[in-house]
Amino acid sequence: MRISFHGHSVVKIQTNKHTILIDPFINGNGQTDLQVEQENPDVILLTHGHNDHVGDTVELAKKNDALVVAPNELANYLGWQGCRVHNMHIGGAYNFDFGKVKYTQAFHGSSYVTDKNEIIYTGMPGGILFTAEDVTIYHAGDTALFGDMELIGKRHPIDVAFLPIGDNFTMGPEDAAYAVSLLKPKIVVPIHYNTFPPIVQDPNDFANLVEGADVQILKPGEEVNF
Ligand code: NI
Ligand code: MN
C-alpha cells in the first residue's frame, strides 16, 4: 500500500487494486501538488461537508465514476449533484471491496457553501478509520481534542494517523500531540496547517511535543514511510 499526503487534509491511498482519495480539496488549495485533470480515484472518502474538504469531489467523482463515501446528509447532497454515493454515519463500519471504512466522531461543524452562497446542512462531521491490506489509517478530519480518542485507539490499533495541527478551526500542535498519547498510532502525520493565514504552524513544534510515535512531516506529494 502507498499512502501519500497532498496538502491541507488531502490523503491518497493506493492499494493493489484501488486508488482512494480522502477530502480531495485541490482547486483553491495552495498547498497541494495535485491537479484535478490528472487524478483518477476509484473512491472518495469525505470527513465532512466544509468546502476545504469536499473540494473537487463532484468533478472527480463524475469524471471517474468514483464512489463517494460520506456522512449521510452530505452523501444525500452529493447524490443530488449526480455523484454515486454510499451513505454512512458515526459509529458505523462497512466492508467495501476496496477496504473497510468506519466513521468516528469529530467535534467540529459540517455545512457546504454553494456558489450562490447558500449554506447546505451536511450533518455531523466525522473522522475515518480505513483498513485495507492489514493497515489501519485514521484520518481525524477536522476536530478538537476529545477524550474518546483513547477509545478509538484501544478498539482499533492505528498504523498511521493523520491529525490536524493548524489550530483556530481544529486542534493545534499541543492538543494534537496530546491526541497522539490517546490514540497511540505507530506513525503520525500532521495535516490541516499553512493553507490559510489563521492556521499557519511550524510542524516541528508538534513533532517536538509528541511522545511514543514516529512523527513524519510530509511535504505535499510525499509518502508515508512504513
Ligand atoms: Ni472543517
Ligand atoms: Mn477544514
# chains A, B, ... in the order shown; residues from 1 in each chain; ligands from 1
>>> residues_near_ligand(ligand="ligand 1", cutoff="10 Å", atoms="only C-alpha atoms and all ligand atoms", output="list in words")
Ser9, Thr47, His48, Gly49, His50, Asn51, Asp52, His53, Val54, Phe107, His108, Gly109, Ser110, Ser111, Tyr112, Pro125, Gly126, Gly141, Asp142, Thr143, Phe169, Thr170 and His192 of chain A
>>> select_by_dssp(residues="range 3-223 of chain A", states="alpha helix (DSSP H)", output="PyMOL selection string")
chain A and resi 51-54+57-64+72-80+149-155+173-183+203-209
>>> closest_residue(among="A:Ile165, A:Val180, A:Met171, A:Leu78", to="Val200 in chain A", atoms="only C-alpha atoms")
A:Ile165
>>> residues_around(residues="range 17-29 of chain A", least_positions_apart="5", cutoff="9 Å", atoms="only C-alpha atoms", output="PDB file with N, CA and C atoms, in the first residue's frame")
ATOM      1  N   HIS A   6      -1.119  15.264   0.395  1.00  0.00           N
ATOM      2  CA  HIS A   6      -1.141  16.218  -0.721  1.00  0.00           C
ATOM      3  C   HIS A   6      -1.575  17.610  -0.317  1.00  0.00           C
ATOM      4  N   GLY A   7      -1.238  18.016   0.878  1.00  0.00           N
ATOM      5  CA  GLY A   7      -1.528  19.373   1.325  1.00  0.00           C
ATOM      6  C   GLY A   7      -2.905  19.506   1.940  1.00  0.00           C
ATOM      7  N   HIS A   8      -3.014  20.361   2.956  1.00  0.00           N
ATOM      8  CA  HIS A   8      -4.245  20.552   3.746  1.00  0.00           C
ATOM      9  C   HIS A   8      -4.670  19.207   4.345  1.00  0.00           C
ATOM     10  N   SER A   9      -5.815  18.654   3.951  1.00  0.00           N
ATOM     11  CA  SER A   9      -6.228  17.362   4.522  1.00  0.00           C
ATOM     12  C   SER A   9      -6.294  16.260   3.481  1.00  0.00           C
ATOM     13  N   VAL A  10      -5.674  16.492   2.340  1.00  0.00           N
ATOM     14  CA  VAL A  10      -5.779  15.536   1.223  1.00  0.00           C
ATOM     15  C   VAL A  10      -4.810  14.375   1.430  1.00  0.00           C
ATOM     16  N   VAL A  11      -5.370  13.169   1.431  1.00  0.00           N
ATOM     17  CA  VAL A  11      -4.565  11.952   1.572  1.00  0.00           C
ATOM     18  C   VAL A  11      -4.955  11.003   0.438  1.00  0.00           C
ATOM     19  N   LYS A  12      -3.940  10.390  -0.167  1.00  0.00           N
ATOM     20  CA  LYS A  12      -4.197   9.398  -1.224  1.00  0.00           C
ATOM     21  C   LYS A  12      -3.693   8.039  -0.755  1.00  0.00           C
ATOM     22  N   LEU A  34      -1.466  18.340  -6.403  1.00  0.00           N
ATOM     23  CA  LEU A  34      -2.334  17.596  -7.324  1.00  0.00           C
ATOM     24  C   LEU A  34      -3.021  18.521  -8.323  1.00  0.00           C
ATOM     25  N   GLN A  35      -3.431  17.934  -9.449  1.00  0.00           N
ATOM     26  CA  GLN A  35      -4.275  18.627 -10.418  1.00  0.00           C
ATOM     27  C   GLN A  35      -5.479  17.738 -10.689  1.00  0.00           C
ATOM     28  N   VAL A  36      -6.659  18.366 -10.712  1.00  0.00           N
ATOM     29  CA  VAL A  36      -7.901  17.598 -10.852  1.00  0.00           C
ATOM     30  C   VAL A  36      -7.860  16.732 -12.117  1.00  0.00           C
ATOM     31  N   ASN A  40      -7.401  10.116 -10.866  1.00  0.00           N
ATOM     32  CA  ASN A  40      -8.392   9.120 -11.298  1.00  0.00           C
ATOM     33  C   ASN A  40      -8.762   8.194 -10.141  1.00  0.00           C
ATOM     34  N   PRO A  41      -9.386   8.756  -9.103  1.00  0.00           N
ATOM     35  CA  PRO A  41      -9.709   7.901  -7.946  1.00  0.00           C
ATOM     36  C   PRO A  41     -10.839   6.918  -8.270  1.00  0.00           C
ATOM     37  N   ASP A  42     -10.780   5.765  -7.630  1.00  0.00           N
ATOM     38  CA  ASP A  42     -11.908   4.831  -7.661  1.00  0.00           C
ATOM     39  C   ASP A  42     -12.903   5.172  -6.566  1.00  0.00           C
ATOM     40  N   VAL A  43     -12.388   5.765  -5.507  1.00  0.00           N
ATOM     41  CA  VAL A  43     -13.189   6.026  -4.308  1.00  0.00           C
ATOM     42  C   VAL A  43     -12.790   7.380  -3.729  1.00  0.00           C
ATOM     43  N   ILE A  44     -13.787   8.120  -3.226  1.00  0.00           N
ATOM     44  CA  ILE A  44     -13.518   9.355  -2.484  1.00  0.00           C
ATOM     45  C   ILE A  44     -14.180   9.215  -1.120  1.00  0.00           C
ATOM     46  N   LEU A  45     -13.380   9.378  -0.066  1.00  0.00           N
ATOM     47  CA  LEU A  45     -13.906   9.348   1.302  1.00  0.00           C
ATOM     48  C   LEU A  45     -13.921  10.775   1.832  1.00  0.00           C
ATOM     49  N   LEU A  46     -15.044  11.193   2.399  1.00  0.00           N
ATOM     50  CA  LEU A  46     -15.168  12.561   2.917  1.00  0.00           C
ATOM     51  C   LEU A  46     -15.427  12.555   4.418  1.00  0.00           C
ATOM     52  N   THR A  47     -14.715  13.446   5.132  1.00  0.00           N
ATOM     53  CA  THR A  47     -14.919  13.538   6.574  1.00  0.00           C
ATOM     54  C   THR A  47     -16.110  14.421   6.921  1.00  0.00           C
ATOM     55  N   HIS A  48     -16.283  15.523   6.177  1.00  0.00           N
ATOM     56  CA  HIS A  48     -17.393  16.440   6.460  1.00  0.00           C
ATOM     57  C   HIS A  48     -17.618  17.372   5.282  1.00  0.00           C
ATOM     58  N   ASN A  51     -16.117  23.166   2.556  1.00  0.00           N
ATOM     59  CA  ASN A  51     -15.619  23.244   1.190  1.00  0.00           C
ATOM     60  C   ASN A  51     -14.137  22.903   1.067  1.00  0.00           C
ATOM     61  N   ASP A  52     -13.371  23.117   2.149  1.00  0.00           N
ATOM     62  CA  ASP A  52     -11.946  22.782   2.094  1.00  0.00           C
ATOM     63  C   ASP A  52     -11.711  21.282   2.309  1.00  0.00           C
ATOM     64  N   HIS A  53     -12.804  20.497   2.284  1.00  0.00           N
ATOM     65  CA  HIS A  53     -12.694  19.034   2.382  1.00  0.00           C
ATOM     66  C   HIS A  53     -13.439  18.367   1.225  1.00  0.00           C
ATOM     67  N   VAL A  54     -14.666  18.846   0.932  1.00  0.00           N
ATOM     68  CA  VAL A  54     -15.399  18.329  -0.237  1.00  0.00           C
ATOM     69  C   VAL A  54     -14.630  18.685  -1.508  1.00  0.00           C
ATOM     70  N   GLY A  55     -14.126  19.923  -1.550  1.00  0.00           N
ATOM     71  CA  GLY A  55     -13.241  20.342  -2.645  1.00  0.00           C
ATOM     72  C   GLY A  55     -13.784  20.008  -4.014  1.00  0.00           C
ATOM     73  N   ASP A  56     -13.050  19.212  -4.765  1.00  0.00           N
ATOM     74  CA  ASP A  56     -13.378  18.889  -6.158  1.00  0.00           C
ATOM     75  C   ASP A  56     -14.079  17.544  -6.299  1.00  0.00           C
ATOM     76  N   THR A  57     -14.712  17.112  -5.237  1.00  0.00           N
ATOM     77  CA  THR A  57     -15.332  15.783  -5.220  1.00  0.00           C
ATOM     78  C   THR A  57     -16.296  15.562  -6.386  1.00  0.00           C
ATOM     79  N   LEU A  60     -14.422  15.193  -9.754  1.00  0.00           N
ATOM     80  CA  LEU A  60     -13.600  13.968  -9.750  1.00  0.00           C
ATOM     81  C   LEU A  60     -14.463  12.716  -9.787  1.00  0.00           C
ATOM     82  N   PHE A  98     -12.871  -2.347  -1.611  1.00  0.00           N
ATOM     83  CA  PHE A  98     -11.577  -1.650  -1.541  1.00  0.00           C
ATOM     84  C   PHE A  98     -11.033  -1.535  -0.116  1.00  0.00           C
ATOM     85  N   HIS A 139      -7.877   9.034   9.754  1.00  0.00           N
ATOM     86  CA  HIS A 139      -7.884  10.429   9.305  1.00  0.00           C
ATOM     87  C   HIS A 139      -8.887  11.134  10.208  1.00  0.00           C
ATOM     88  N   GLY A 141     -10.078  14.049  10.261  1.00  0.00           N
ATOM     89  CA  GLY A 141     -10.912  15.132   9.752  1.00  0.00           C
ATOM     90  C   GLY A 141     -10.543  16.419  10.471  1.00  0.00           C
ATOM     91  N   THR A 195      -2.355  26.350   5.163  1.00  0.00           N
ATOM     92  CA  THR A 195      -3.172  26.571   3.968  1.00  0.00           C
ATOM     93  C   THR A 195      -3.751  27.989   3.951  1.00  0.00           C
TER      94      THR A 195
END
>>> closest_residue(among="A:Met88, A:Ile120, A:Ala106, A:Ile3", to="Met149 in chain A", atoms="only C-alpha atoms")
A:Ala106
>>> residues_around(residues="Glu150 in chain A", least_positions_apart="3", cutoff="10 Å", atoms="only C-alpha atoms", output="list in words")
Phe146, Gly147, Gly153, Lys154, Arg155, His156, Ala179, Val180, Ser181, Leu182, Leu183 and Lys184 of chain A
>>> closest_residue(among="A:Gln38, A:Gln81, A:Thr104, A:Asn225", to="Tyr138 in chain A", atoms="only C-alpha atoms")
A:Thr104
>>> atom_distance(atom1="CA of Gly91 in chain A", atom2="CA of Leu74 in chain A")
16.2 Å
>>> closest_residue(among="A:Val210, A:Val113, A:Val189, A:Thr136", to="Ala177 in chain A", atoms="only C-alpha atoms")
A:Val210
>>> closest_residue(among="A:Pro71, A:Gly166, A:Gly123, A:Pro197", to="ligand 2", atoms="only C-alpha atoms and all ligand atoms")
A:Gly166
>>> closest_residue(among="A:Pro203, A:Gly79, A:Pro198, A:Pro157", to="ligand 2", atoms="only C-alpha atoms and all ligand atoms")
A:Pro198
>>> residues_around(residues="His86 in chain A", least_positions_apart="3", cutoff="7 Å", atoms="only C-alpha atoms", output="list in words")
Val68, Val69, Ala70 and Ala75 of chain A
>>> write_last_selection(atoms="N, CA, C and O atoms", output="compact mmCIF listing (two decimals), in the first residue's frame")
# COMPACT_ATOMS: atom_id res chain seq x y z
N VAL A 68 -18.48 7.85 -3.87
CA VAL A 68 -18.25 8.83 -2.81
C VAL A 68 -18.87 8.29 -1.52
O VAL A 68 -20.07 8.01 -1.46
N VAL A 69 -18.04 8.14 -0.50
CA VAL A 69 -18.50 7.68 0.81
C VAL A 69 -18.47 8.87 1.76
O VAL A 69 -17.42 9.54 1.88
N ALA A 70 -19.60 9.15 2.40
CA ALA A 70 -19.69 10.37 3.22
C ALA A 70 -20.75 10.20 4.29
O ALA A 70 -21.63 9.34 4.17
N ALA A 75 -23.72 12.86 1.93
CA ALA A 75 -23.87 11.89 0.82
C ALA A 75 -25.16 12.16 0.04
O ALA A 75 -25.17 12.11 -1.19
>>> select_by_dssp(residues="range 50-191 of chain A", states="strand (DSSP E)", output="PyMOL selection string")
chain A and resi 67-71+84-88+93-96+99-105+111-113+119-121+126-132+135-139+160-164+187-191
>>> write_last_selection(atoms="N, CA and C atoms", output="compact mmCIF listing (two decimals), in the first residue's frame")
# COMPACT_ATOMS: atom_id res chain seq x y z
N LEU A 67 -16.87 6.12 -6.44
CA LEU A 67 -17.85 6.03 -5.37
C LEU A 67 -17.49 7.05 -4.29
N VAL A 68 -18.48 7.85 -3.87
CA VAL A 68 -18.25 8.83 -2.81
C VAL A 68 -18.87 8.29 -1.52
N VAL A 69 -18.04 8.14 -0.50
CA VAL A 69 -18.50 7.68 0.81
C VAL A 69 -18.47 8.87 1.76
N ALA A 70 -19.60 9.15 2.40
CA ALA A 70 -19.69 10.37 3.22
C ALA A 70 -20.75 10.20 4.29
N PRO A 71 -20.68 11.05 5.34
CA PRO A 71 -21.78 11.05 6.32
C PRO A 71 -23.12 11.30 5.61
N ARG A 84 -22.22 9.11 -7.48
CA ARG A 84 -22.57 7.77 -6.98
C ARG A 84 -22.11 7.73 -5.54
N VAL A 85 -23.04 7.52 -4.60
CA VAL A 85 -22.70 7.71 -3.19
C VAL A 85 -23.03 6.48 -2.35
N HIS A 86 -22.35 6.40 -1.21
CA HIS A 86 -22.67 5.42 -0.17
C HIS A 86 -22.78 6.20 1.14
N ASN A 87 -23.98 6.20 1.71
CA ASN A 87 -24.23 6.95 2.94
C ASN A 87 -23.78 6.14 4.15
N MET A 88 -23.08 6.83 5.07
CA MET A 88 -22.70 6.19 6.33
C MET A 88 -22.97 7.16 7.48
N ALA A 93 -19.53 0.96 10.47
CA ALA A 93 -18.46 0.47 9.60
C ALA A 93 -19.09 -0.30 8.45
N TYR A 94 -18.39 -0.38 7.34
CA TYR A 94 -18.87 -1.15 6.19
C TYR A 94 -17.67 -1.72 5.44
N ASN A 95 -17.80 -2.99 5.05
CA ASN A 95 -16.74 -3.65 4.28
C ASN A 95 -17.00 -3.47 2.79
N PHE A 96 -16.21 -2.63 2.17
CA PHE A 96 -16.28 -2.44 0.72
C PHE A 96 -15.25 -3.36 0.05
N GLY A 99 -11.81 -1.98 0.87
CA GLY A 99 -11.36 -1.90 2.25
C GLY A 99 -12.52 -1.60 3.18
N LYS A 100 -12.20 -1.51 4.48
CA LYS A 100 -13.23 -1.27 5.49
C LYS A 100 -13.18 0.19 5.92
N VAL A 101 -14.36 0.81 5.97
CA VAL A 101 -14.46 2.20 6.39
C VAL A 101 -15.31 2.26 7.65
N LYS A 102 -14.82 2.97 8.67
CA LYS A 102 -15.62 3.22 9.87
C LYS A 102 -15.56 4.70 10.19
N TYR A 103 -16.71 5.28 10.45
CA TYR A 103 -16.76 6.70 10.83
C TYR A 103 -16.67 6.85 12.34
N THR A 104 -15.81 7.77 12.75
CA THR A 104 -15.67 8.11 14.16
C THR A 104 -16.21 9.53 14.38
N GLN A 105 -16.38 9.88 15.63
CA GLN A 105 -16.85 11.24 15.91
C GLN A 105 -15.74 12.26 15.67
N SER A 111 -21.08 21.92 7.01
CA SER A 111 -22.03 22.51 6.06
C SER A 111 -21.27 22.81 4.79
N TYR A 112 -22.02 22.91 3.69
CA TYR A 112 -21.40 23.18 2.40
C TYR A 112 -21.93 24.51 1.89
N VAL A 113 -21.04 25.37 1.42
CA VAL A 113 -21.45 26.66 0.87
C VAL A 113 -21.45 26.55 -0.65
N ILE A 119 -26.05 28.04 2.32
CA ILE A 119 -25.38 27.10 3.22
C ILE A 119 -26.24 25.83 3.31
N ILE A 120 -25.66 24.71 2.90
CA ILE A 120 -26.34 23.42 2.93
C ILE A 120 -25.90 22.67 4.18
N TYR A 121 -26.85 22.28 5.01
CA TYR A 121 -26.52 21.49 6.20
C TYR A 121 -26.08 20.10 5.78
N GLY A 126 -17.16 13.90 10.78
CA GLY A 126 -16.60 12.66 11.28
C GLY A 126 -15.10 12.57 11.05
N GLY A 127 -14.53 11.53 11.66
CA GLY A 127 -13.20 11.08 11.30
C GLY A 127 -13.38 9.74 10.60
N ILE A 128 -12.32 9.24 9.98
CA ILE A 128 -12.42 8.00 9.22
C ILE A 128 -11.32 7.02 9.64
N LEU A 129 -11.74 5.80 9.95
CA LEU A 129 -10.81 4.69 10.09
C LEU A 129 -10.90 3.87 8.82
N PHE A 130 -9.79 3.69 8.13
CA PHE A 130 -9.77 2.94 6.89
C PHE A 130 -8.79 1.79 7.04
N THR A 131 -9.26 0.58 6.78
CA THR A 131 -8.40 -0.60 6.88
C THR A 131 -8.40 -1.37 5.57
N ALA A 132 -7.20 -1.63 5.06
CA ALA A 132 -7.04 -2.50 3.89
C ALA A 132 -5.65 -3.10 3.96
N VAL A 135 -3.48 -2.81 7.06
CA VAL A 135 -3.02 -1.50 7.53
C VAL A 135 -4.24 -0.67 7.91
N THR A 136 -4.20 -0.07 9.11
CA THR A 136 -5.30 0.80 9.53
C THR A 136 -4.83 2.25 9.60
N ILE A 137 -5.57 3.08 8.89
CA ILE A 137 -5.28 4.51 8.81
C ILE A 137 -6.41 5.25 9.51
N TYR A 138 -6.05 6.23 10.33
CA TYR A 138 -7.05 7.10 10.96
C TYR A 138 -6.85 8.51 10.43
N HIS A 139 -7.88 9.03 9.75
CA HIS A 139 -7.88 10.43 9.31
C HIS A 139 -8.89 11.13 10.21
N VAL A 160 -1.21 4.37 10.96
CA VAL A 160 -0.88 5.74 10.54
C VAL A 160 -2.05 6.66 10.88
N ALA A 161 -1.77 7.73 11.64
CA ALA A 161 -2.81 8.72 11.96
C ALA A 161 -2.49 10.04 11.30
N PHE A 162 -3.50 10.63 10.68
CA PHE A 162 -3.39 11.97 10.12
C PHE A 162 -4.19 12.90 11.03
N LEU A 163 -3.48 13.83 11.68
CA LEU A 163 -4.13 14.70 12.68
C LEU A 163 -3.95 16.17 12.32
N PRO A 164 -5.05 16.96 12.44
CA PRO A 164 -4.92 18.39 12.19
C PRO A 164 -4.13 19.07 13.30
N ILE A 187 2.61 5.65 13.58
CA ILE A 187 3.12 6.80 12.80
C ILE A 187 2.06 7.90 12.85
N VAL A 188 2.49 9.15 12.99
CA VAL A 188 1.53 10.25 12.92
C VAL A 188 2.03 11.30 11.92
N VAL A 189 1.10 11.80 11.11
CA VAL A 189 1.41 12.81 10.10
C VAL A 189 0.55 14.04 10.38
N PRO A 190 1.18 15.22 10.59
CA PRO A 190 0.38 16.43 10.80
C PRO A 190 -0.23 16.95 9.50
N ILE A 191 -1.48 17.40 9.59
CA ILE A 191 -2.20 17.93 8.42
C ILE A 191 -2.96 19.21 8.81
